[in-house]
$ cat model00.cif   # mmCIF, C-alpha atoms
data_structure
#
loop_
_atom_site.group_PDB
_atom_site.id
_atom_site.type_symbol
_atom_site.label_atom_id
_atom_site.label_comp_id
_atom_site.auth_asym_id
_atom_site.auth_seq_id
_atom_site.Cartn_x
_atom_site.Cartn_y
_atom_site.Cartn_z
ATOM 1 C CA MET E 256 319.620 89.021 196.649
ATOM 2 C CA HIS E 257 319.879 91.013 193.462
ATOM 3 C CA ALA E 258 319.796 94.760 193.406
ATOM 4 C CA GLU E 259 316.547 95.550 191.632
ATOM 5 C CA ALA E 260 315.098 98.978 190.984
ATOM 6 C CA GLY E 261 315.613 100.477 194.412
ATOM 7 C CA GLY E 262 313.381 98.035 196.293
ATOM 8 C CA PRO E 263 315.338 95.037 197.590
ATOM 9 C CA VAL E 264 318.456 97.079 198.320
ATOM 10 C CA ASP E 265 316.488 99.283 200.697
ATOM 11 C CA LEU E 266 314.853 96.194 202.139
ATOM 12 C CA GLU E 267 318.235 94.665 202.848
ATOM 13 C CA ALA E 268 319.239 97.811 204.691
ATOM 14 C CA ALA E 269 315.945 97.762 206.575
ATOM 15 C CA LEU E 270 316.464 94.144 207.622
ATOM 16 C CA ALA E 271 319.810 95.050 209.123
ATOM 17 C CA THR E 272 318.069 97.479 211.470
ATOM 18 C CA ILE E 273 315.387 95.239 212.989
ATOM 19 C CA ALA E 274 315.577 95.172 216.749
ATOM 20 C CA THR E 275 313.368 92.253 217.749
ATOM 21 C CA PRO E 276 313.797 88.552 217.037
ATOM 22 C CA VAL E 277 311.996 86.930 214.112
ATOM 23 C CA THR E 278 312.083 83.213 213.379
ATOM 24 C CA LEU E 279 311.703 81.818 209.877
ATOM 25 C CA VAL E 280 310.238 78.366 210.435
ATOM 26 C CA PHE E 281 311.097 76.454 207.282
ATOM 27 C CA PHE E 282 309.356 73.254 206.223
ATOM 28 C CA THR E 283 311.101 70.965 203.789
ATOM 29 C CA GLN E 284 310.519 67.536 202.340
ATOM 30 C CA THR E 285 313.235 65.011 201.545
ATOM 31 C CA PHE E 286 311.650 63.436 198.478
ATOM 32 C CA GLY E 287 309.479 64.930 195.773
ATOM 33 C CA CYS E 288 310.343 68.544 196.490
ATOM 34 C CA GLU E 289 312.382 69.974 193.644
ATOM 35 C CA THR E 290 312.444 73.496 195.034
ATOM 36 C CA CYS E 291 313.050 72.864 198.756
ATOM 37 C CA VAL E 292 316.834 73.252 198.563
ATOM 38 C CA ARG E 293 316.557 76.510 196.609
ATOM 39 C CA ALA E 294 313.980 77.838 199.048
ATOM 40 C CA ARG E 295 316.219 77.021 202.012
ATOM 41 C CA GLN E 296 319.095 78.897 200.323
ATOM 42 C CA VAL E 297 316.929 82.004 199.999
ATOM 43 C CA VAL E 298 315.845 81.693 203.634
ATOM 44 C CA ASP E 299 319.476 81.436 204.754
ATOM 45 C CA ARG E 300 320.430 84.446 202.643
ATOM 46 C CA VAL E 301 317.656 86.547 204.160
ATOM 47 C CA ALA E 302 318.584 85.382 207.662
ATOM 48 C CA SER E 303 322.228 86.310 207.061
ATOM 49 C CA LEU E 304 321.205 89.960 206.773
ATOM 50 C CA SER E 305 320.229 90.295 210.433
ATOM 51 C CA ASP E 306 321.399 88.860 213.739
ATOM 52 C CA GLN E 307 317.763 88.988 214.847
ATOM 53 C CA ILE E 308 316.595 86.441 212.261
ATOM 54 C CA ARG E 309 316.758 82.793 213.226
ATOM 55 C CA VAL E 310 315.964 79.789 211.046
ATOM 56 C CA GLU E 311 314.353 76.560 212.251
ATOM 57 C CA GLU E 312 313.884 73.681 209.865
ATOM 58 C CA PHE E 313 311.305 70.924 210.068
ATOM 59 C CA ASN E 314 310.324 68.089 207.788
ATOM 60 C CA LEU E 315 306.803 68.057 206.358
ATOM 61 C CA VAL E 316 306.599 64.285 206.615
ATOM 62 C CA LEU E 317 308.443 63.606 209.875
ATOM 63 C CA ASP E 318 307.766 66.548 212.170
ATOM 64 C CA ASN E 319 304.040 66.144 212.653
ATOM 65 C CA ASP E 320 303.791 68.298 215.783
ATOM 66 C CA GLN E 321 305.267 71.351 214.077
ATOM 67 C CA VAL E 322 303.295 70.715 210.886
ATOM 68 C CA ASP E 323 300.099 70.732 212.969
ATOM 69 C CA THR E 324 301.133 73.716 215.085
ATOM 70 C CA TYR E 325 301.794 75.855 212.042
ATOM 71 C CA GLY E 326 299.065 74.359 209.861
ATOM 72 C CA ILE E 327 301.434 73.581 207.003
ATOM 73 C CA GLN E 328 300.171 71.534 204.056
ATOM 74 C CA ARG E 329 303.021 71.669 201.575
ATOM 75 C CA ALA E 330 306.732 72.202 201.170
ATOM 76 C CA PRO E 331 308.639 74.379 200.787
ATOM 77 C CA ALA E 332 306.856 76.560 203.325
ATOM 78 C CA ILE E 333 308.001 79.395 205.577
ATOM 79 C CA ALA E 334 306.180 80.621 208.680
ATOM 80 C CA VAL E 335 307.210 84.120 209.779
ATOM 81 C CA VAL E 336 307.082 84.109 213.564
ATOM 82 C CA GLY E 337 307.759 86.924 216.026
ATOM 83 C CA ASP E 338 306.933 86.928 219.749
ATOM 84 C CA ALA E 339 304.022 84.775 218.733
ATOM 85 C CA ASP E 340 302.890 83.154 215.492
ATOM 86 C CA THR E 341 301.218 85.781 213.345
ATOM 87 C CA GLY E 342 299.746 83.362 210.836
ATOM 88 C CA ILE E 343 301.893 84.562 207.938
ATOM 89 C CA ARG E 344 303.073 81.857 205.533
ATOM 90 C CA PHE E 345 304.979 81.663 202.278
ATOM 91 C CA TYR E 346 304.687 78.642 199.996
ATOM 92 C CA GLY E 347 307.304 78.049 197.315
ATOM 93 C CA VAL E 348 310.669 79.632 196.643
ATOM 94 C CA PRO E 349 310.544 83.325 197.602
ATOM 95 C CA GLU E 350 311.822 84.991 194.436
ATOM 96 C CA GLY E 351 311.118 88.362 192.860
ATOM 97 C CA HIS E 352 307.924 89.878 194.247
ATOM 98 C CA GLU E 353 307.565 87.041 196.726
ATOM 99 C CA LEU E 354 311.034 87.734 198.121
ATOM 100 C CA VAL E 355 310.113 91.383 198.559
ATOM 101 C CA SER E 356 306.906 90.315 200.313
ATOM 102 C CA LEU E 357 308.827 87.948 202.588
ATOM 103 C CA VAL E 358 311.268 90.665 203.619
ATOM 104 C CA GLU E 359 308.427 93.136 204.140
ATOM 105 C CA SER E 360 306.562 90.627 206.279
ATOM 106 C CA ILE E 361 309.678 90.111 208.425
ATOM 107 C CA LEU E 362 309.857 93.870 208.932
ATOM 108 C CA LEU E 363 306.157 93.984 209.841
ATOM 109 C CA VAL E 364 306.434 91.091 212.286
ATOM 110 C CA ALA E 365 309.534 92.612 213.870
ATOM 111 C CA SER E 366 307.797 95.967 214.293
ATOM 112 C CA GLY E 367 304.517 94.400 215.431
ATOM 113 C CA ASP E 368 302.741 97.070 213.406
ATOM 114 C CA SER E 369 300.571 96.072 210.449
ATOM 115 C CA GLY E 370 300.766 99.538 208.914
ATOM 116 C CA LEU E 371 297.045 99.417 208.179
ATOM 117 C CA SER E 372 294.717 102.406 208.466
ATOM 118 C CA ASP E 373 292.693 102.992 211.629
ATOM 119 C CA ASP E 374 289.514 102.084 209.746
ATOM 120 C CA SER E 375 291.011 98.765 208.611
ATOM 121 C CA ARG E 376 292.257 97.975 212.117
ATOM 122 C CA ALA E 377 288.844 98.654 213.622
ATOM 123 C CA ALA E 378 287.119 96.418 211.091
ATOM 124 C CA ILE E 379 289.650 93.622 211.582
ATOM 125 C CA ALA E 380 289.441 93.842 215.384
ATOM 126 C CA ALA E 381 285.793 92.764 215.145
ATOM 127 C CA VAL E 382 286.670 89.479 213.393
ATOM 128 C CA GLU E 383 285.735 86.446 215.479
ATOM 129 C CA GLN E 384 285.696 83.612 212.970
ATOM 130 C CA PRO E 385 288.721 82.081 211.253
ATOM 131 C CA ILE E 386 289.686 83.767 208.004
ATOM 132 C CA ASP E 387 292.255 82.192 205.716
ATOM 133 C CA ILE E 388 293.691 84.398 202.990
ATOM 134 C CA GLN E 389 295.677 82.866 200.139
ATOM 135 C CA VAL E 390 297.380 85.163 197.660
ATOM 136 C CA PHE E 391 298.649 83.571 194.449
ATOM 137 C CA VAL E 392 301.647 85.296 192.933
ATOM 138 C CA THR E 393 304.355 84.814 190.329
ATOM 139 C CA PRO E 394 308.006 85.900 190.651
ATOM 140 C CA THR E 395 307.768 88.762 188.139
ATOM 141 C CA MET J 1020 295.635 91.667 208.326
ATOM 142 C CA ALA J 1021 297.056 88.481 209.840
ATOM 143 C CA LEU J 1022 299.199 90.654 212.065
ATOM 144 C CA SER J 1023 296.137 92.509 213.339
ATOM 145 C CA SER J 1024 294.014 89.513 214.252
ATOM 146 C CA PRO J 1025 294.684 86.148 215.867
ATOM 147 C CA HIS J 1026 291.842 84.748 213.748
ATOM 148 C CA ILE J 1027 293.384 85.638 210.391
ATOM 149 C CA THR J 1028 296.057 83.665 208.570
ATOM 150 C CA ALA J 1029 297.661 84.826 205.326
ATOM 151 C CA SER J 1030 299.638 82.752 202.847
ATOM 152 C CA VAL J 1031 301.564 83.831 199.790
ATOM 153 C CA VAL J 1032 301.606 80.991 197.272
ATOM 154 C CA ALA J 1033 304.075 80.788 194.378
ATOM 155 C CA ALA J 1034 301.610 79.854 191.647
ATOM 156 C CA VAL J 1035 304.128 78.176 189.346
ATOM 157 C CA GLU J 1036 305.101 75.656 192.012
ATOM 158 C CA TYR J 1037 301.605 74.532 192.895
ATOM 159 C CA PRO J 1038 299.731 73.736 189.661
ATOM 160 C CA ASP J 1039 297.195 71.679 191.631
ATOM 161 C CA LEU J 1040 296.172 74.744 193.668
ATOM 162 C CA VAL J 1041 296.141 76.901 190.545
ATOM 163 C CA GLN J 1042 293.682 74.441 189.036
ATOM 164 C CA GLN J 1043 291.631 74.052 192.210
ATOM 165 C CA TYR J 1044 291.181 77.824 192.640
ATOM 166 C CA ARG J 1045 291.058 78.593 188.906
ATOM 167 C CA VAL J 1046 293.947 81.021 189.024
ATOM 168 C CA THR J 1047 294.180 82.566 185.561
ATOM 169 C CA GLY J 1048 296.046 85.723 186.542
ATOM 170 C CA VAL J 1049 298.030 87.089 189.467
ATOM 171 C CA PRO J 1050 297.757 88.383 192.028
ATOM 172 C CA LYS J 1051 294.646 86.418 192.854
ATOM 173 C CA THR J 1052 293.400 86.214 196.431
ATOM 174 C CA VAL J 1053 291.196 83.421 197.748
ATOM 175 C CA VAL J 1054 289.492 83.837 201.130
ATOM 176 C CA ASN J 1055 288.256 80.778 203.037
ATOM 177 C CA ASP J 1056 288.327 78.826 199.784
ATOM 178 C CA HIS J 1057 285.410 80.707 198.251
ATOM 179 C CA ILE J 1058 285.715 84.494 198.018
ATOM 180 C CA GLU J 1059 287.928 85.631 195.150
ATOM 181 C CA ILE J 1060 289.668 88.965 194.733
ATOM 182 C CA LEU J 1061 291.374 89.629 191.423
ATOM 183 C CA GLY J 1062 294.355 91.906 191.000
ATOM 184 C CA ALA J 1063 295.936 94.350 193.395
ATOM 185 C CA VAL J 1064 293.199 96.428 195.019
ATOM 186 C CA PRO J 1065 293.407 99.374 197.432
ATOM 187 C CA GLU J 1066 293.653 98.492 201.131
ATOM 188 C CA ALA J 1067 290.178 99.648 202.167
ATOM 189 C CA SER J 1068 288.515 97.722 199.368
ATOM 190 C CA PHE J 1069 290.637 94.630 200.029
ATOM 191 C CA VAL J 1070 289.789 94.616 203.741
ATOM 192 C CA THR J 1071 286.077 95.051 203.008
ATOM 193 C CA GLN J 1072 286.084 92.194 200.495
ATOM 194 C CA VAL J 1073 288.014 89.846 202.798
ATOM 195 C CA LEU J 1074 285.787 90.564 205.794
ATOM 196 C CA ALA J 1075 282.676 89.995 203.669
ATOM 197 C CA VAL J 1076 283.454 86.291 204.122
ATOM 198 C CA GLY J 1077 281.649 86.486 207.452
ATOM 199 C CA ASP J 1078 278.395 87.828 205.957
#

$ encode --input "model00.cif" --output "structure tokens"
Amino acid sequence: MHAEAGGPVDLEAALATIATPVTLVFFTQTFGCETCVRARQVVDRVASLSDQIRVEEFNLVLDNDQVDTYGIQRAPAIAVVGDADTGIRFYGVPEGHELVSLVESILLVASGDSGLSDDSRAAIAAVEQPIDIQVFVTPT
Amino acid sequence: MALSSPHITASVVAAVEYPDLVQQYRVTGVPKTVVNDHIEILGAVPEASFVTQVLAVGD
């Protein structure tokens, strides 16, 4: 990871301190995925920063059970999983802002604390129907 | 939000890699958030407002 404006460097240090296991479940595709190799390299680099981070790799086409379990539709994809699956996914190569978000999500999953306000938590606790949030981003 | 509820999933999508999704959800700027395929939130908004807009999907 590059040292950018104070952020990622601190995030790297933070990753080194996590105390609970987090698994990055990576989905790749053998053909027709130009960015899968690059995405896997980023995943490995992030995982190298902490003994608590494990990487599992599955194939979008071949590993149907895992694709169903994690609800993955495309590759490259990363599911950030702690004690249980939290429903957090990253699609595409995590670069720039997305890399920062990935690292932050690992820290959140490891801590088990969303960091949200009490008001937000109360509102979210009342949710009973499925809600799928997709956030479109660019690297810069 | 996904961390706080078993019913909520959250995906970050690299827009440049998925032009089909960009077209499908009419992404013309980032960040753009799409909730259950129909509610749209443009830009980075404060937490309270974001939570309110996302949860409005159930109304």

$ residues_around --input "model00.cif" --residues "J:Ser1024" --least-positions-apart "5" --cutoff "8 Å" --atoms "only C-alpha atoms" --output "mmCIF file with C-alpha atoms, in the frame of the given file"
data_model
loop_
_atom_site.group_PDB
_atom_site.id
_atom_site.type_symbol
_atom_site.label_atom_id
_atom_site.label_comp_id
_atom_site.auth_asym_id
_atom_site.auth_seq_id
_atom_site.Cartn_x
_atom_site.Cartn_y
_atom_site.Cartn_z
ATOM 1 C CA ILE E 379 289.650 93.622 211.582
ATOM 2 C CA ALA E 380 289.441 93.842 215.384
ATOM 3 C CA VAL E 382 286.670 89.479 213.393
#

$ residues_around --input "model00.cif" --residues "J:Leu1061" --least-positions-apart "4" --cutoff "7 Å" --atoms "all atoms listed in the file" --output "count of residues only"
3

$ closest_atom_pairs --input "model00.cif" --of "chain E" --to "chain J" --cutoff "6 Å" --atoms "only C-alpha atoms" --output "Markdown table"
| residue | atom | partner | partner_atom | distance |
| --- | --- | --- | --- | --- |
| E:Thr341 | CA | J:Leu1022 | CA | 5.4 |
| E:Gly342 | CA | J:Thr1028 | CA | 4.3 |
| E:Ile343 | CA | J:Ala1029 | CA | 5.0 |
| E:Arg344 | CA | J:Ser1030 | CA | 4.5 |
| E:Phe345 | CA | J:Val1031 | CA | 4.7 |
| E:Tyr346 | CA | J:Val1032 | CA | 4.7 |
| E:Gly347 | CA | J:Ala1033 | CA | 5.2 |
| E:Ser369 | CA | J:Leu1022 | CA | 5.8 |
| E:Pro385 | CA | J:His1026 | CA | 4.8 |
| E:Ile386 | CA | J:Ile1027 | CA | 4.8 |
| E:Asp387 | CA | J:Thr1028 | CA | 5.0 |
| E:Ile388 | CA | J:Ala1029 | CA | 4.6 |
| E:Gln389 | CA | J:Ser1030 | CA | 4.8 |
| E:Val390 | CA | J:Thr1052 | CA | 4.3 |
| E:Phe391 | CA | J:Val1032 | CA | 4.8 |
| E:Val392 | CA | J:Pro1050 | CA | 5.0 |
| E:Thr393 | CA | J:Ala1033 | CA | 5.7 |

$ atom_distance --input "model00.cif" --atom1 "atom CA of E:Ile273" --atom2 "atom CA of E:Ala378"
28.4 Å

$ atom_distance --input "model00.cif" --atom1 "atom CA of E:Thr272" --atom2 "atom CA of E:Val355"
16.3 Å

$ residues_around --input "model00.cif" --residues "stretch 288-294 of chain E" --least-positions-apart "6" --cutoff "10 Å" --atoms "only C-alpha atoms" --output "PDB file with C-alpha atoms, in the coordinates of the input"
ATOM      1  CA  PHE E 281     311.097  76.454 207.282  1.00  0.00           C
ATOM      2  CA  PHE E 282     309.356  73.254 206.223  1.00  0.00           C
ATOM      3  CA  ARG E 300     320.430  84.446 202.643  1.00  0.00           C
ATOM      4  CA  ARG E 329     303.021  71.669 201.575  1.00  0.00           C
ATOM      5  CA  ALA E 330     306.732  72.202 201.170  1.00  0.00           C
ATOM      6  CA  PRO E 331     308.639  74.379 200.787  1.00  0.00           C
ATOM      7  CA  ALA E 332     306.856  76.560 203.325  1.00  0.00           C
ATOM      8  CA  ILE E 333     308.001  79.395 205.577  1.00  0.00           C
ATOM      9  CA  TYR E 346     304.687  78.642 199.996  1.00  0.00           C
ATOM     10  CA  GLY E 347     307.304  78.049 197.315  1.00  0.00           C
ATOM     11  CA  VAL E 348     310.669  79.632 196.643  1.00  0.00           C
ATOM     12  CA  PRO E 349     310.544  83.325 197.602  1.00  0.00           C
ATOM     13  CA  GLU E 350     311.822  84.991 194.436  1.00  0.00           C
TER      14      GLU E 350
ATOM     15  CA  GLU J1036     305.101  75.656 192.012  1.00  0.00           C
TER      16      GLU J1036
END

$ atom_distance --input "model00.cif" --atom1 "atom CA of E:Arg309" --atom2 "atom CA of E:Thr278"
4.7 Å

$ closest_residue --input "model00.cif" --among "E:Ala302, E:Pro276, E:Arg295, E:Gln284" --to "E:Val358" --atoms "only C-alpha atoms"
E:Ala302

$ axis_aligned_box --input "model00.cif" --around "stretch 284-297 of chain E" --padding-each-side "8 Å" --output "lines of an AutoDock Vina configuration file"
center_x = 314.3
center_y = 72.7
center_z = 198.0
size_x = 25.6
size_y = 34.6
size_z = 24.7

$ resolve_selection --input "model00.cif" --expression "the PyMOL selection byres ((chain E and resi 362) around 12)" --output "PyMOL selection string"
(chain E and resi 265-278+301+305+307-308+335-337+355-361+363-370) or (chain J and resi 1022)
